[in-house]
file protein_38.txt (compact mmCIF, C-alpha atoms)
# COMPACT_ATOMS: atom_id res chain seq x y z
CA MET A 30 -16.85 -30.15 -12.30
CA GLY A 31 -19.09 -27.13 -12.77
CA ARG A 32 -22.78 -26.65 -12.18
CA THR A 33 -25.00 -29.29 -13.80
CA ALA A 34 -26.76 -27.91 -16.88
CA SER A 35 -30.56 -27.83 -16.90
CA LEU A 36 -32.51 -29.84 -19.48
CA GLY A 37 -35.79 -29.25 -21.24
CA GLU A 38 -38.41 -31.99 -21.54
CA PHE A 39 -37.56 -32.84 -25.15
CA GLU A 40 -33.84 -32.89 -24.38
CA GLN A 41 -34.48 -35.43 -21.62
CA ILE A 42 -36.55 -37.57 -23.99
CA VAL A 43 -33.79 -37.51 -26.61
CA LEU A 44 -31.09 -38.37 -24.06
CA LEU A 45 -33.15 -41.26 -22.69
CA ALA A 46 -33.77 -42.58 -26.22
CA ILE A 47 -30.03 -42.47 -26.95
CA LEU A 48 -29.31 -44.33 -23.71
CA ARG A 49 -31.89 -46.98 -24.55
CA LEU A 50 -30.50 -47.48 -28.06
CA ASP A 51 -26.94 -47.74 -26.78
CA LYS A 52 -24.64 -48.21 -29.81
CA ASP A 53 -27.38 -48.03 -32.43
CA ALA A 54 -28.41 -44.43 -31.76
CA TYR A 55 -28.65 -42.34 -34.94
CA GLY A 56 -31.28 -40.00 -36.39
CA VAL A 57 -33.78 -42.60 -37.64
CA SER A 58 -33.52 -44.96 -34.67
CA ILE A 59 -33.75 -42.12 -32.12
CA ARG A 60 -36.88 -40.78 -33.83
CA SER A 61 -38.43 -44.26 -33.98
CA GLU A 62 -37.61 -44.98 -30.33
CA ILE A 63 -39.20 -41.71 -29.22
CA ALA A 64 -42.29 -42.39 -31.35
CA ALA A 65 -42.62 -45.94 -30.00
CA ARG A 66 -42.23 -44.92 -26.36
CA THR A 67 -44.10 -41.61 -26.25
CA GLY A 68 -46.58 -42.00 -29.09
CA ARG A 69 -45.33 -38.78 -30.70
CA ALA A 70 -42.84 -38.74 -33.58
CA PRO A 71 -40.70 -35.59 -33.38
CA SER A 72 -40.15 -33.63 -36.56
CA PRO A 73 -36.70 -34.28 -38.07
CA GLY A 74 -35.88 -30.56 -37.85
CA ALA A 75 -36.60 -30.40 -34.11
CA LEU A 76 -34.62 -33.58 -33.51
CA TYR A 77 -31.50 -32.50 -35.41
CA THR A 78 -31.38 -29.01 -33.89
CA THR A 79 -31.81 -30.50 -30.42
CA LEU A 80 -29.02 -33.01 -31.06
CA ASP A 81 -26.74 -30.25 -32.40
CA ARG A 82 -27.50 -28.03 -29.40
CA MET A 83 -26.82 -30.83 -26.93
CA GLU A 84 -23.59 -31.69 -28.70
CA GLU A 85 -22.50 -28.06 -28.41
CA LYS A 86 -23.35 -28.17 -24.69
CA GLY A 87 -21.23 -31.33 -24.39
CA MET A 88 -24.15 -33.59 -23.41
CA VAL A 89 -23.89 -35.90 -26.39
CA ARG A 90 -21.08 -36.85 -28.70
CA SER A 91 -21.43 -37.84 -32.34
CA TRP A 92 -19.30 -39.67 -34.84
CA MET A 93 -19.81 -40.84 -38.39
CA GLY A 94 -20.68 -44.50 -38.78
CA GLU A 95 -21.05 -46.85 -41.71
CA ALA A 96 -22.81 -46.06 -44.98
CA THR A 97 -25.62 -48.32 -46.19
CA PRO A 98 -27.34 -48.72 -49.58
CA GLN A 99 -30.74 -47.89 -47.98
CA ARG A 100 -29.32 -44.45 -47.19
CA GLY A 101 -28.08 -43.83 -50.73
CA GLY A 102 -24.54 -44.63 -49.64
CA ARG A 103 -24.53 -41.99 -46.92
CA ALA A 104 -22.98 -42.53 -43.49
CA LYS A 105 -24.97 -42.58 -40.27
CA ARG A 106 -24.24 -40.02 -37.59
CA ASN A 107 -24.16 -42.00 -34.35
CA PHE A 108 -24.75 -40.48 -30.94
CA ALA A 109 -23.75 -41.34 -27.38
CA VAL A 110 -24.47 -39.60 -24.09
CA THR A 111 -21.46 -38.04 -22.37
CA LYS A 112 -20.78 -37.91 -18.64
CA ALA A 113 -22.08 -34.35 -18.54
CA GLY A 114 -25.27 -35.41 -20.31
CA ARG A 115 -25.81 -38.31 -17.94
CA ALA A 116 -25.22 -36.02 -14.93
CA ALA A 117 -27.76 -33.50 -16.24
CA LEU A 118 -30.27 -36.27 -16.91
CA VAL A 119 -29.83 -37.75 -13.44
CA ALA A 120 -30.28 -34.31 -11.86
CA ALA A 121 -33.47 -33.68 -13.87
CA GLN A 122 -34.89 -37.12 -13.04
CA ARG A 123 -34.08 -36.65 -9.34
CA ALA A 124 -36.00 -33.39 -9.38
CA TYR A 125 -38.99 -35.16 -10.98
CA GLN A 126 -38.78 -38.01 -8.47
CA SER A 127 -38.67 -35.54 -5.61
CA LEU A 128 -41.74 -33.71 -6.90
CA LEU A 129 -43.61 -36.96 -7.55
CA GLU A 130 -42.91 -38.35 -4.08
CA GLY A 131 -46.13 -39.02 -2.21
CA LEU A 132 -48.40 -38.15 -5.13
CA ASN A 133 -48.78 -41.75 -6.35
CA LEU A 134 -49.95 -40.56 -9.80
CA LEU A 135 -49.61 -43.96 -11.44
CA GLY A 136 -51.90 -45.73 -9.00
CA GLY A 137 -54.09 -45.14 -5.96
CA ALA A 138 -56.50 -42.36 -5.10
CA ASN A 139 -54.48 -39.56 -6.73
CA ALA A 140 -54.35 -41.42 -10.07
CA CYS A 141 -58.12 -41.43 -10.32
CA SER A 142 -58.55 -37.81 -9.22
CA VAL A 143 -56.02 -36.56 -11.80
CA VAL A 144 -56.76 -38.86 -14.74
CA CYS A 145 -60.51 -39.43 -14.36
CA MET B 24 -31.33 -40.10 -56.47
CA ARG B 25 -31.49 -36.55 -57.73
CA ALA B 26 -33.77 -35.17 -54.99
CA ALA B 27 -31.43 -36.35 -52.24
CA TRP B 28 -28.37 -34.79 -53.90
CA PHE B 29 -30.28 -31.54 -54.34
CA VAL B 30 -31.35 -31.42 -50.67
CA GLU B 31 -27.84 -32.36 -49.53
CA GLY B 32 -26.36 -29.57 -51.65
CA ILE B 33 -28.62 -27.02 -49.96
CA LEU B 34 -28.06 -28.36 -46.44
CA ARG B 35 -24.29 -28.24 -46.94
CA ARG B 36 -24.59 -24.48 -47.16
CA VAL B 37 -26.06 -24.22 -43.66
CA THR B 38 -24.32 -27.04 -41.79
CA THR B 39 -21.21 -29.19 -42.08
CA ARG B 40 -20.73 -31.64 -44.95
CA ASP B 41 -20.91 -34.69 -42.62
CA ARG B 42 -24.04 -33.50 -40.87
CA ALA B 43 -25.78 -32.66 -44.15
CA SER B 44 -24.92 -36.09 -45.54
CA ALA B 45 -26.14 -37.88 -42.39
CA ILE B 46 -29.40 -35.89 -42.29
CA VAL B 47 -30.15 -36.65 -45.95
CA GLY B 48 -29.21 -40.30 -45.37
CA ASP B 49 -31.77 -40.44 -42.54
CA LEU B 50 -34.43 -38.81 -44.72
CA VAL B 51 -33.70 -41.22 -47.59
CA GLU B 52 -33.96 -44.17 -45.20
CA MET B 53 -37.31 -42.94 -43.86
CA LYS B 54 -38.59 -42.06 -47.34
CA GLU B 55 -39.05 -45.79 -48.03
CA GLN B 56 -41.89 -45.88 -45.50
CA LYS B 57 -43.17 -42.31 -45.60
CA GLY B 58 -43.08 -41.38 -49.29
CA ALA B 59 -41.78 -38.54 -51.45
CA VAL B 60 -44.12 -35.83 -50.13
CA TRP B 61 -42.96 -36.51 -46.56
CA PHE B 62 -39.34 -36.40 -47.76
CA TRP B 63 -39.72 -32.90 -49.23
CA LEU B 64 -41.70 -31.59 -46.26
CA ALA B 65 -39.16 -33.02 -43.82
CA ALA B 66 -36.26 -31.57 -45.85
CA ALA B 67 -37.93 -28.14 -45.83
CA GLY B 68 -38.54 -28.43 -42.08
CA VAL B 69 -34.92 -29.36 -41.39
CA LEU B 70 -33.67 -26.49 -43.54
CA PHE B 71 -35.97 -24.02 -41.79
CA SER B 72 -35.02 -25.24 -38.31
CA LEU B 73 -31.32 -24.88 -39.17
CA VAL B 74 -31.50 -21.37 -40.63
CA TRP B 75 -34.40 -19.44 -39.08
CA ARG B 76 -32.35 -17.87 -36.32
CA TRP B 77 -29.68 -16.49 -38.65
CA PRO B 78 -31.74 -13.95 -40.68
CA ILE B 79 -33.54 -12.73 -37.56
CA ALA B 80 -30.24 -12.37 -35.70
CA PHE B 81 -28.67 -10.60 -38.70
CA VAL B 82 -31.44 -8.02 -39.11
CA ALA B 83 -31.81 -7.39 -35.36
CA SER B 84 -28.05 -7.04 -34.96
CA PHE B 85 -27.76 -4.64 -37.92
CA TYR B 86 -30.56 -2.49 -36.56
CA ALA B 87 -29.15 -2.56 -33.00
CA GLY B 88 -25.69 -1.59 -34.26
CA ALA B 89 -26.99 1.31 -36.38
CA TRP B 90 -29.36 2.53 -33.68
CA SER B 91 -26.76 2.40 -30.89
CA PHE B 92 -24.13 4.08 -33.09
CA GLU B 93 -26.43 7.01 -33.75
CA ALA B 94 -27.56 7.21 -30.11
CA PHE B 95 -23.98 7.07 -28.81
CA LEU B 96 -22.87 9.66 -31.35
CA MET B 97 -25.65 12.04 -30.33
CA ALA B 98 -24.85 11.52 -26.64
CA THR B 99 -21.16 12.18 -27.17
CA VAL B 100 -20.80 14.92 -29.78
CA GLY B 101 -24.36 15.62 -30.94
CA ILE B 102 -26.08 18.95 -30.52
CA HIS B 103 -28.11 17.60 -27.61
CA ALA B 104 -25.08 16.18 -25.79
CA GLN B 105 -25.05 17.44 -22.19
CA HIS B 106 -21.27 17.36 -21.98
CA ILE B 107 -18.87 17.43 -24.89
CA PRO B 108 -15.24 16.66 -24.03
CA GLU B 109 -13.06 19.69 -24.69
CA ASP B 110 -9.79 17.89 -24.27
CA TYR B 111 -9.03 16.53 -27.75
CA PRO B 112 -7.30 13.23 -26.79
CA TRP B 113 -10.24 12.27 -24.53
CA ALA B 114 -12.65 13.01 -27.36
CA GLN B 115 -10.70 10.48 -29.43
CA VAL B 116 -11.00 7.92 -26.62
CA LEU B 117 -14.76 8.50 -26.47
CA TRP B 118 -14.97 8.10 -30.25
CA GLY B 119 -13.24 4.76 -29.91
CA ILE B 120 -15.66 3.70 -27.19
CA VAL B 121 -18.61 4.79 -29.35
CA LEU B 122 -17.40 2.63 -32.25
CA ALA B 123 -16.43 -0.40 -30.14
CA GLY B 124 -19.54 -0.07 -27.95
CA SER B 125 -21.99 -0.06 -30.85
CA CYS B 126 -20.16 -3.04 -32.36
CA ALA B 127 -20.40 -4.84 -29.02
CA ILE B 128 -24.15 -4.16 -28.85
CA ALA B 129 -24.65 -5.45 -32.41
CA LEU B 130 -22.63 -8.58 -31.64
CA GLY B 131 -24.41 -9.15 -28.33
CA VAL B 132 -27.80 -9.03 -30.07
CA PHE B 133 -26.58 -11.37 -32.83
CA ALA B 134 -24.99 -13.91 -30.49
CA GLY B 135 -27.89 -13.75 -28.04
CA ILE B 136 -30.42 -14.64 -30.74
CA ARG B 137 -28.25 -17.02 -32.77
CA TYR B 138 -26.46 -18.93 -30.00
CA GLY B 139 -28.21 -18.03 -26.74
CA LEU B 140 -27.48 -15.89 -23.70
CA HIS B 141 -25.91 -18.77 -21.79
CA GLU B 142 -22.72 -18.58 -23.86
CA ARG B 143 -19.77 -16.92 -22.16
CA ALA B 144 -18.78 -14.95 -25.28
CA THR B 145 -22.30 -13.47 -25.50
CA GLN B 146 -22.18 -12.54 -21.83
CA MET B 147 -18.73 -11.01 -22.19
CA VAL B 148 -19.57 -8.85 -25.21
CA SER B 149 -22.77 -7.74 -23.46
CA ALA B 150 -20.76 -6.76 -20.37
CA TRP B 151 -18.37 -4.69 -22.50
CA ALA B 152 -21.34 -3.08 -24.28
CA THR B 153 -22.92 -2.14 -20.93
CA LEU B 154 -19.67 -0.58 -19.72
CA ALA B 155 -19.30 1.34 -22.98
CA ALA B 156 -22.86 2.68 -22.72
CA ALA B 157 -22.32 3.73 -19.09
CA VAL B 158 -19.13 5.62 -19.99
CA ILE B 159 -20.69 7.27 -23.05
CA TYR B 160 -23.76 8.53 -21.18
CA LEU B 161 -22.20 9.36 -17.80
CA TRP B 162 -18.46 9.83 -18.31
CA TRP B 163 -18.45 13.16 -16.49
CA VAL B 164 -19.73 11.63 -13.23
CA PRO B 165 -16.57 10.60 -11.32
CA ALA B 166 -18.22 7.73 -9.41
CA VAL B 167 -19.53 6.18 -12.63
CA LEU B 168 -16.23 6.62 -14.43
CA VAL B 169 -14.24 5.04 -11.57
CA THR B 170 -16.72 2.13 -11.32
CA CYS B 171 -16.55 1.55 -15.06
CA ILE B 172 -12.75 1.61 -15.09
CA ALA B 173 -12.63 -0.82 -12.14
CA SER B 174 -15.18 -3.11 -13.84
CA ALA B 175 -13.25 -2.95 -17.11
CA LEU B 176 -10.04 -3.92 -15.28
CA ALA B 177 -11.83 -6.82 -13.57
CA LEU B 178 -13.31 -7.96 -16.87
CA GLY B 179 -9.89 -7.65 -18.53
CA LEU B 180 -8.34 -9.70 -15.73
CA TYR B 181 -11.00 -12.36 -16.13
CA SER B 182 -10.38 -12.37 -19.89
CA VAL B 183 -6.70 -13.10 -19.30
CA CYS B 184 -6.67 -15.32 -16.22
CA ALA B 185 -9.78 -17.51 -16.52
CA ARG B 186 -9.92 -20.24 -19.17
CA GLU B 187 -13.55 -19.49 -20.11
CA GLY B 188 -12.74 -15.78 -20.19
CA ARG B 189 -9.88 -16.35 -22.60
CA ARG B 190 -12.08 -18.46 -24.86
CA ALA B 191 -14.81 -15.81 -24.83
CA SER B 192 -12.28 -13.07 -25.61
CA VAL B 193 -10.87 -15.01 -28.55
CA VAL B 194 -14.37 -14.86 -30.08
CA ALA B 195 -15.49 -11.41 -28.94
CA TRP B 196 -12.49 -9.14 -29.49
CA PRO B 197 -11.54 -10.03 -33.08
CA ALA B 198 -15.22 -9.59 -34.01
CA ILE B 199 -15.32 -6.18 -32.30
CA VAL B 200 -12.12 -5.15 -34.11
CA MET B 201 -13.61 -6.32 -37.41
CA GLY B 202 -16.73 -4.28 -36.63
CA VAL B 203 -14.66 -1.14 -35.98
CA CYS B 204 -12.78 -1.73 -39.24
CA GLY B 205 -16.21 -2.05 -40.90
CA PHE B 206 -17.08 1.49 -39.80
CA PHE B 207 -13.94 2.87 -41.46
CA TRP B 208 -14.66 0.75 -44.53
CA TRP B 209 -18.15 2.12 -45.22
CA ALA B 210 -17.20 5.64 -44.18
CA ALA B 211 -14.22 5.63 -46.56
CA ILE B 212 -16.16 4.11 -49.46
CA GLY B 213 -19.01 6.59 -48.96
CA THR B 214 -16.69 9.61 -48.72
CA LEU B 215 -14.70 8.64 -51.80
CA TYR B 216 -17.85 8.08 -53.84
CA GLN B 217 -19.42 11.31 -52.57
CA ASN B 218 -16.33 13.31 -53.56
CA TRP B 219 -16.28 11.64 -56.93
CA LEU B 220 -19.94 12.55 -57.53
CA LYS B 221 -19.67 16.11 -56.29
CA PRO B 222 -16.77 17.49 -54.24
CA GLY B 223 -17.59 19.73 -51.28
CA PRO B 224 -20.36 19.78 -48.71
CA TRP B 225 -23.70 18.19 -49.58
CA GLY B 226 -27.25 19.29 -48.84
CA SER B 227 -30.46 17.25 -48.79
CA ASP B 228 -31.08 18.14 -52.48
CA ASP B 229 -27.77 16.50 -53.41
CA MET B 230 -28.79 13.36 -51.55
CA LEU B 231 -32.08 13.28 -53.46
CA GLN B 232 -30.25 13.75 -56.79
CA HIS B 233 -27.78 10.96 -56.03
CA PRO B 234 -29.61 8.13 -54.28
CA SER B 235 -26.82 5.78 -55.36
CA LEU B 236 -24.68 7.18 -52.52
CA GLY B 237 -27.16 5.98 -49.92
CA TRP B 238 -27.40 2.56 -51.53
CA LEU B 239 -23.62 2.26 -51.77
CA VAL B 240 -23.13 3.14 -48.11
CA PHE B 241 -25.94 0.79 -47.09
CA SER B 242 -24.39 -2.05 -49.10
CA ALA B 243 -20.96 -1.35 -47.61
CA MET B 244 -22.51 -1.37 -44.12
CA LEU B 245 -24.15 -4.74 -44.84
CA LEU B 246 -20.81 -6.13 -46.01
CA GLY B 247 -19.13 -4.83 -42.84
CA GLN B 248 -21.88 -6.43 -40.78
CA LEU B 249 -21.45 -9.74 -42.61
CA ALA B 250 -17.69 -9.69 -42.02
CA LYS B 251 -18.13 -8.98 -38.31
CA LEU B 252 -20.67 -11.77 -37.81
CA TRP B 253 -18.65 -14.18 -39.95
CA VAL B 254 -15.60 -13.62 -37.71
CA TRP B 255 -17.71 -14.34 -34.62
CA SER B 256 -19.29 -17.48 -36.09
CA TRP B 257 -16.04 -18.84 -37.50
CA LEU B 258 -14.06 -18.33 -34.28
CA ARG B 259 -16.89 -19.81 -32.23
CA GLY B 260 -17.01 -22.87 -34.50
CA TRP B 261 -13.23 -23.20 -34.44
CA LEU B 262 -13.16 -23.08 -30.63
CA ALA B 263 -16.02 -25.60 -30.37
CA GLY B 264 -14.07 -27.96 -32.64
CA ALA B 265 -10.92 -27.54 -30.54
CA ARG B 266 -12.88 -28.18 -27.33
CA LYS B 267 -14.41 -31.33 -28.81
CA ALA B 268 -10.99 -32.61 -29.83
CA GLU B 269 -9.67 -31.93 -26.33
CA ALA B 270 -12.17 -34.20 -24.60
CA PRO B 271 -12.67 -37.38 -26.62
CA SER B 272 -12.81 -39.57 -23.50
CA GLU B 273 -15.77 -37.73 -21.93
CA MET B 274 -17.97 -40.70 -22.74
CA LEU B 275 -20.45 -42.49 -20.61
call {"tool": "encode", "arguments": {"input": "protein_38.txt", "output": "structure tokens"}}
result
Amino acid sequence: MGRTASLGEFEQIVLLAILRLDKDAYGVSIRSEIAARTGRAPSPGALYTTLDRMEEKGMVRSWMGEATPQRGGRAKRNFAVTKAGRAALVAAQRAYQSLLEGLNLLGGANACSVVC
Amino acid sequence: MRAAWFVEGILRRVTTRDRASAIVGDLVEMKEQKGAVWFWLAAAGVLFSLVWRWPIAFVASFYAGAWSFEAFLMATVGIHAQHIPEDYPWAQVLWGIVLAGSCAIALGVFAGIRYGLHERATQMVSAWATLAAAVIYLWWVPAVLVTCIASALALGLYSVCAREGRRASVVAWPAIVMGVCGFFWWAAIGTLYQNWLKPGPWGSDDMLQHPSLGWLVFSAMLLGQLAKLWVWSWLRGWLAGARKAEAPSEML
């Protein structure tokens, strides 16, 4: 196994959304999940280029799913996180956790001094 | 729905058929809630995000290739060249390095912008371009020449022995060879047309009287550039497809 690839913020958000959606992860559901959880709906262009880039890096895998009448008879492109993607996500989250340690941003004295 | 077919037809020209179909399917699904204006804006946004790198990479690569070719040529056999090789066979070798080196620079710029510097093929072609530039500008300094030869051998060894090196070479070298062929292509077309217009040496007045020669050569250069970049993109896509097929079980 080589060095773990680094991830940008949006890449982490997309990977987490795919993980949350499990087997139902495709363009529309990923966008909706991100909008529901972060309050910001990504533009379709940004989402598709990020998904393509992560697939090229081997962090996600895609396959064509079923076609539905709501989609004009077009198939969904489903996504799943690969082992490499999960490893990169874990490494990024560990780095965040390490930096957050002791800051107590979500509660306590630091929360007020930063947010207020 | 006519709008969806139209958008899908355009997207198919910049991405694969499956991806274009899935993207349009997503947009059609979301159109129910968001409306027709959103659909067209989103389609335009997707198209722009898929293609914006290509024209920038193409123009920058063309300029870098032309600029480096002229600079290398001047450094090697131009009137300001500090050292011109007297030994004829070595002059031929330097000519080859000039052609391959400027192709490598053009490809490095293209791949760096289009696909990113993290890719091994981009790094490899950039390494070859650096070595070529070092030889062209300092070939008469023994220490530089020996270092460049040793580095070239090491790079060649890596290209043969390491898996990633082999993959990078499969993309880089055919594209460089296509680029070198492109030089002969536009030079031959230009020479033939020039001789057909007016045999013998030309002055600046002749060039002004026959601007079609400049346009023809420029068009032939653009075609050569397209062929070179197409080879790179096609081989890269082909290798990515092969790699994906190799590891279907790399799932979570």
call {"tool": "interface_residues", "arguments": {"input": "protein_38.txt", "of": "chain B", "to": "chain A", "cutoff": "9 Å", "atoms": "all atoms listed in the file", "output": "ChimeraX atom specification"}}
result
/B:24,27,41-42,44-53,55,65-73,263,267,271-275
call {"tool": "write_last_selection", "arguments": {"input": "protein_38.txt", "atoms": "C-alpha atoms", "output": "JSON list (two decimals), in the frame of the given file"}}
result
[["chain", "number", "residue", "atom", "x", "y", "z"],
["B", 24, "MET", "CA", -31.33, -40.10, -56.47],
["B", 27, "ALA", "CA", -31.43, -36.35, -52.24],
["B", 41, "ASP", "CA", -20.91, -34.69, -42.62],
["B", 42, "ARG", "CA", -24.04, -33.50, -40.87],
["B", 44, "SER", "CA", -24.92, -36.09, -45.54],
["B", 45, "ALA", "CA", -26.14, -37.88, -42.39],
["B", 46, "ILE", "CA", -29.40, -35.89, -42.29],
["B", 47, "VAL", "CA", -30.15, -36.65, -45.95],
["B", 48, "GLY", "CA", -29.21, -40.30, -45.37],
["B", 49, "ASP", "CA", -31.77, -40.44, -42.54],
["B", 50, "LEU", "CA", -34.43, -38.81, -44.72],
["B", 51, "VAL", "CA", -33.70, -41.22, -47.59],
["B", 52, "GLU", "CA", -33.96, -44.17, -45.20],
["B", 53, "MET", "CA", -37.31, -42.94, -43.86],
["B", 55, "GLU", "CA", -39.05, -45.79, -48.03],
["B", 65, "ALA", "CA", -39.16, -33.02, -43.82],
["B", 66, "ALA", "CA", -36.26, -31.57, -45.85],
["B", 67, "ALA", "CA", -37.93, -28.14, -45.83],
["B", 68, "GLY", "CA", -38.54, -28.43, -42.08],
["B", 69, "VAL", "CA", -34.92, -29.36, -41.39],
["B", 70, "LEU", "CA", -33.67, -26.49, -43.54],
["B", 71, "PHE", "CA", -35.97, -24.02, -41.79],
["B", 72, "SER", "CA", -35.02, -25.24, -38.31],
["B", 73, "LEU", "CA", -31.32, -24.88, -39.17],
["B", 263, "ALA", "CA", -16.02, -25.60, -30.37],
["B", 267, "LYS", "CA", -14.41, -31.33, -28.81],
["B", 271, "PRO", "CA", -12.67, -37.38, -26.62],
["B", 272, "SER", "CA", -12.81, -39.57, -23.50],
["B", 273, "GLU", "CA", -15.77, -37.73, -21.93],
["B", 274, "MET", "CA", -17.97, -40.70, -22.74],
["B", 275, "LEU", "CA", -20.45, -42.49, -20.61]]
call {"tool": "residues_around", "arguments": {"input": "protein_38.txt", "residues": "Arg66 (chain A)", "least_positions_apart": "3", "cutoff": "12 Å", "atoms": "all atoms listed in the file", "output": "list in words"}}
result
Ile42, Val43, Leu45, Ala46, Arg49, Ile59, Arg60, Ser61, Glu62, Ile63, Arg69, Ala70 and Pro71 of chain A
call {"tool": "closest_residue", "arguments": {"input": "protein_38.txt", "among": "B:Leu176, B:Ala80, B:Ala26, B:Val254", "to": "Trp63 (chain B)", "atoms": "all atoms listed in the file"}}
result
B:Ala26
call {"tool": "closest_residue", "arguments": {"input": "protein_38.txt", "among": "B:Arg186, B:Pro234, B:Trp75, B:Cys126", "to": "Trp90 (chain B)", "atoms": "only C-alpha atoms"}}
result
B:Cys126
call {"tool": "residues_around", "arguments": {"input": "protein_38.txt", "residues": "Leu246 (chain B)", "least_positions_apart": "2", "cutoff": "12 Å", "atoms": "only C-alpha atoms", "output": "PyMOL selection string"}}
result
chain B and resi 81+85+201-202+204-206+208-209+212+239-244+248-253
call {"tool": "atom_distance", "arguments": {"input": "protein_38.txt", "atom1": "CA of Leu258 (chain B)", "atom2": "CA of Val194 (chain B)"}}
result
5.5 Å
call {"tool": "residues_around", "arguments": {"input": "protein_38.txt", "residues": "Gln122 (chain A)", "least_positions_apart": "5", "cutoff": "12 Å", "atoms": "all atoms listed in the file", "output": "compact mmCIF listing (two decimals) with C-alpha atoms, in the coordinates of the input"}}
result
# COMPACT_ATOMS: atom_id res chain seq x y z
CA SER A 35 -30.56 -27.83 -16.90
CA LEU A 36 -32.51 -29.84 -19.48
CA GLY A 37 -35.79 -29.25 -21.24
CA GLU A 38 -38.41 -31.99 -21.54
CA GLN A 41 -34.48 -35.43 -21.62
CA ILE A 42 -36.55 -37.57 -23.99
CA LEU A 44 -31.09 -38.37 -24.06
CA LEU A 45 -33.15 -41.26 -22.69
CA ARG A 115 -25.81 -38.31 -17.94
CA ALA A 116 -25.22 -36.02 -14.93
CA ALA A 117 -27.76 -33.50 -16.24
CA SER A 127 -38.67 -35.54 -5.61
CA LEU A 128 -41.74 -33.71 -6.90
CA LEU A 129 -43.61 -36.96 -7.55
call {"tool": "atom_distance", "arguments": {"input": "protein_38.txt", "atom1": "CA of Ser174 (chain B)", "atom2": "CA of Ser149 (chain B)"}}
result
13.1 Å
call {"tool": "axis_aligned_box", "arguments": {"input": "protein_38.txt", "around": "region 67-81 of chain A", "padding_each_side": "4 Å", "output": "AutoDock Vina command-line options"}}
result
--center_x -36.7 --center_y -35.5 --center_z -32.2 --size_x 27.8 --size_y 21.0 --size_z 19.8
call {"tool": "atom_distance", "arguments": {"input": "protein_38.txt", "atom1": "CA of Leu134 (chain A)", "atom2": "CA of Leu50 (chain A)"}}
result
27.6 Å
call {"tool": "closest_residue", "arguments": {"input": "protein_38.txt", "among": "B:Ser182, B:Ser84, B:Gln217, B:Thr39", "to": "Arg143 (chain B)", "atoms": "all atoms listed in the file"}}
result
B:Ser182
call {"tool": "decode", "arguments": {"input": "protein_38.txt", "residues": "region 137-149 of chain B", "atoms": "N, CA and C atoms", "output": "PDB file, in the first residue's frame"}}
result
ATOM      1  N   ARG B 137      -4.291  19.966 -17.769  1.00  0.00           N
ATOM      2  CA  ARG B 137      -5.491  19.148 -18.013  1.00  0.00           C
ATOM      3  C   ARG B 137      -5.699  18.083 -16.930  1.00  0.00           C
ATOM      4  N   TYR B 138      -4.614  17.426 -16.522  1.00  0.00           N
ATOM      5  CA  TYR B 138      -4.784  16.284 -15.611  1.00  0.00           C
ATOM      6  C   TYR B 138      -4.109  16.469 -14.258  1.00  0.00           C
ATOM      7  N   GLY B 139      -3.249  17.441 -14.114  1.00  0.00           N
ATOM      8  CA  GLY B 139      -2.609  17.695 -12.821  1.00  0.00           C
ATOM      9  C   GLY B 139      -1.177  17.186 -12.754  1.00  0.00           C
ATOM     10  N   LEU B 140      -0.399  17.835 -11.891  1.00  0.00           N
ATOM     11  CA  LEU B 140       1.030  17.502 -11.777  1.00  0.00           C
ATOM     12  C   LEU B 140       1.269  16.212 -10.999  1.00  0.00           C
ATOM     13  N   HIS B 141       0.240  15.739 -10.295  1.00  0.00           N
ATOM     14  CA  HIS B 141       0.432  14.547  -9.478  1.00  0.00           C
ATOM     15  C   HIS B 141       0.540  13.284 -10.318  1.00  0.00           C
ATOM     16  N   GLU B 142       0.161  13.351 -11.603  1.00  0.00           N
ATOM     17  CA  GLU B 142       0.174  12.141 -12.426  1.00  0.00           C
ATOM     18  C   GLU B 142       1.602  11.775 -12.826  1.00  0.00           C
ATOM     19  N   ARG B 143       1.871  10.473 -12.777  1.00  0.00           N
ATOM     20  CA  ARG B 143       3.229   9.994 -13.057  1.00  0.00           C
ATOM     21  C   ARG B 143       3.662  10.320 -14.486  1.00  0.00           C
ATOM     22  N   ALA B 144       2.739  10.213 -15.440  1.00  0.00           N
ATOM     23  CA  ALA B 144       3.094  10.495 -16.837  1.00  0.00           C
ATOM     24  C   ALA B 144       3.494  11.963 -17.008  1.00  0.00           C
ATOM     25  N   THR B 145       2.789  12.862 -16.320  1.00  0.00           N
ATOM     26  CA  THR B 145       3.140  14.291 -16.376  1.00  0.00           C
ATOM     27  C   THR B 145       4.531  14.502 -15.787  1.00  0.00           C
ATOM     28  N   GLN B 146       4.784  13.855 -14.654  1.00  0.00           N
ATOM     29  CA  GLN B 146       6.086  14.010 -14.008  1.00  0.00           C
ATOM     30  C   GLN B 146       7.195  13.446 -14.903  1.00  0.00           C
ATOM     31  N   MET B 147       6.894  12.308 -15.540  1.00  0.00           N
ATOM     32  CA  MET B 147       7.936  11.696 -16.377  1.00  0.00           C
ATOM     33  C   MET B 147       8.277  12.567 -17.587  1.00  0.00           C
ATOM     34  N   VAL B 148       7.252  13.065 -18.270  1.00  0.00           N
ATOM     35  CA  VAL B 148       7.515  13.868 -19.466  1.00  0.00           C
ATOM     36  C   VAL B 148       8.215  15.177 -19.073  1.00  0.00           C
ATOM     37  N   SER B 149       7.892  15.691 -17.880  1.00  0.00           N
ATOM     38  CA  SER B 149       8.561  16.907 -17.401  1.00  0.00           C
ATOM     39  C   SER B 149      10.033  16.622 -17.087  1.00  0.00           C
TER      40      SER B 149
END
